[in-house]
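Everything on this sheet refers to the single structure shown next.
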Amino acid sequence: MFKLTAKNTELLLARLKSWHLKDGNSTKGDSLSLTINSSNIDGIPLKGEQYTVYLDDIKRDVFQITQRMAAMQPRAVQIELTVAPFMADSSEFLKRQSASRDNTTLAQIVSDVVTPFGYDIFVHP
């Protein structure tokens, strides 16, 4: 089933009215909408808070709150989350780099870029 882990997840899950996970395509990341019953509670989660999402005990991803909307009748809060941005990478794999090459193949460029970080290149026949 659906599970969250992070700050105040017990309260969120106890008051959860509905949830919807949208599986984004290759150009858009996944998004998650939560509708929470807000009767008799003060405050709502802050923008930027991160939650790890599990479906059937399988980690889906880390999501970050990007938008919050309150409704008065019925009292509810809709929380929109998107996949959290990449964090700093000590291996510098994500570091912006540029280089010029003459008379080379795409395979050689890919090899030059990924092999220093322990990746192997494999092309399925």
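So you can find residues: chains in the structure tokens are A, B, ... in the order shown, residues in each start at 1, and ligands are numbered from 1 in order.
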Would you list the contacts of Tyr51 in chain A as a PDB file with N, CA and C atoms, in the first residue's frame, taking every protein, DNA or RNA residue within 9 Å and counting only C-alpha atoms, but skipping same-chain residues closer than 3 positions in sequence?
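What ended up in result-v5.pdb:
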ATOM      1  N   LEU A   4       4.503   6.798   3.665  1.00  0.00           N
ATOM      2  CA  LEU A   4       5.412   7.947   3.673  1.00  0.00           C
ATOM      3  C   LEU A   4       6.349   7.810   4.854  1.00  0.00           C
ATOM      4  N   THR A   5       7.571   8.297   4.707  1.00  0.00           N
ATOM      5  CA  THR A   5       8.460   8.393   5.856  1.00  0.00           C
ATOM      6  C   THR A   5       9.097   9.773   5.870  1.00  0.00           C
ATOM      7  N   ALA A   6       9.048  10.403   7.021  1.00  0.00           N
ATOM      8  CA  ALA A   6       9.676  11.709   7.277  1.00  0.00           C
ATOM      9  C   ALA A   6       8.976  12.327   8.478  1.00  0.00           C
ATOM     10  N   LYS A   7       9.121  13.623   8.628  1.00  0.00           N
ATOM     11  CA  LYS A   7       8.548  14.366   9.746  1.00  0.00           C
ATOM     12  C   LYS A   7       7.016  14.362   9.688  1.00  0.00           C
ATOM     13  N   THR A   9       4.741  12.093   9.566  1.00  0.00           N
ATOM     14  CA  THR A   9       4.024  11.214   8.636  1.00  0.00           C
ATOM     15  C   THR A   9       2.872  10.471   9.300  1.00  0.00           C
ATOM     16  N   ASP A  61      10.452   7.079  -4.515  1.00  0.00           N
ATOM     17  CA  ASP A  61      11.379   8.196  -4.674  1.00  0.00           C
ATOM     18  C   ASP A  61      11.251   9.113  -3.474  1.00  0.00           C
ATOM     19  N   VAL A  62      12.070  10.156  -3.456  1.00  0.00           N
ATOM     20  CA  VAL A  62      11.959  11.204  -2.443  1.00  0.00           C
ATOM     21  C   VAL A  62      11.242  12.372  -3.106  1.00  0.00           C
ATOM     22  N   PHE A  63      10.145  12.812  -2.473  1.00  0.00           N
ATOM     23  CA  PHE A  63       9.339  13.900  -3.004  1.00  0.00           C
ATOM     24  C   PHE A  63       9.445  15.107  -2.080  1.00  0.00           C
ATOM     25  N   GLN A  64       9.271  16.280  -2.659  1.00  0.00           N
ATOM     26  CA  GLN A  64       9.370  17.529  -1.920  1.00  0.00           C
ATOM     27  C   GLN A  64       8.087  18.336  -2.094  1.00  0.00           C
ATOM     28  N   ILE A  65       7.612  18.941  -0.994  1.00  0.00           N
ATOM     29  CA  ILE A  65       6.397  19.754  -1.066  1.00  0.00           C
ATOM     30  C   ILE A  65       6.680  21.007  -1.887  1.00  0.00           C
ATOM     31  N   LEU A  81       3.380  17.509  -4.218  1.00  0.00           N
ATOM     32  CA  LEU A  81       4.796  17.179  -4.084  1.00  0.00           C
ATOM     33  C   LEU A  81       5.352  16.769  -5.441  1.00  0.00           C
ATOM     34  N   ALA A  84      12.086  15.276  -5.516  1.00  0.00           N
ATOM     35  CA  ALA A  84      13.082  16.194  -4.962  1.00  0.00           C
ATOM     36  C   ALA A  84      14.252  16.342  -5.932  1.00  0.00           C
TER      37      ALA A  84
END
Nearest-residue call for Leu11 in chain A, choices A:Asp42, A:Asp102, A:Asp30, A:Glu80, using only C-alpha atoms: A:Asp42
Need the shell around Asp23 in chain A: protein/DNA/RNA residues with any atom at most 12 Å away, counting only C-alpha atoms. Skip same-chain ones fewer than 6 positions apart. Format as number ranges by chain? A: 29-33, 60-61, 82-83
Helix (DSSP H, G or I) call set, DSSP backbone run, chain A, as a PyMOL selection string: chain A and resi 9-14+106-117
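With CA of Lys28 in chain A on one side and CA of Val110 in chain A on the other, the separation reads 24.2 Å.
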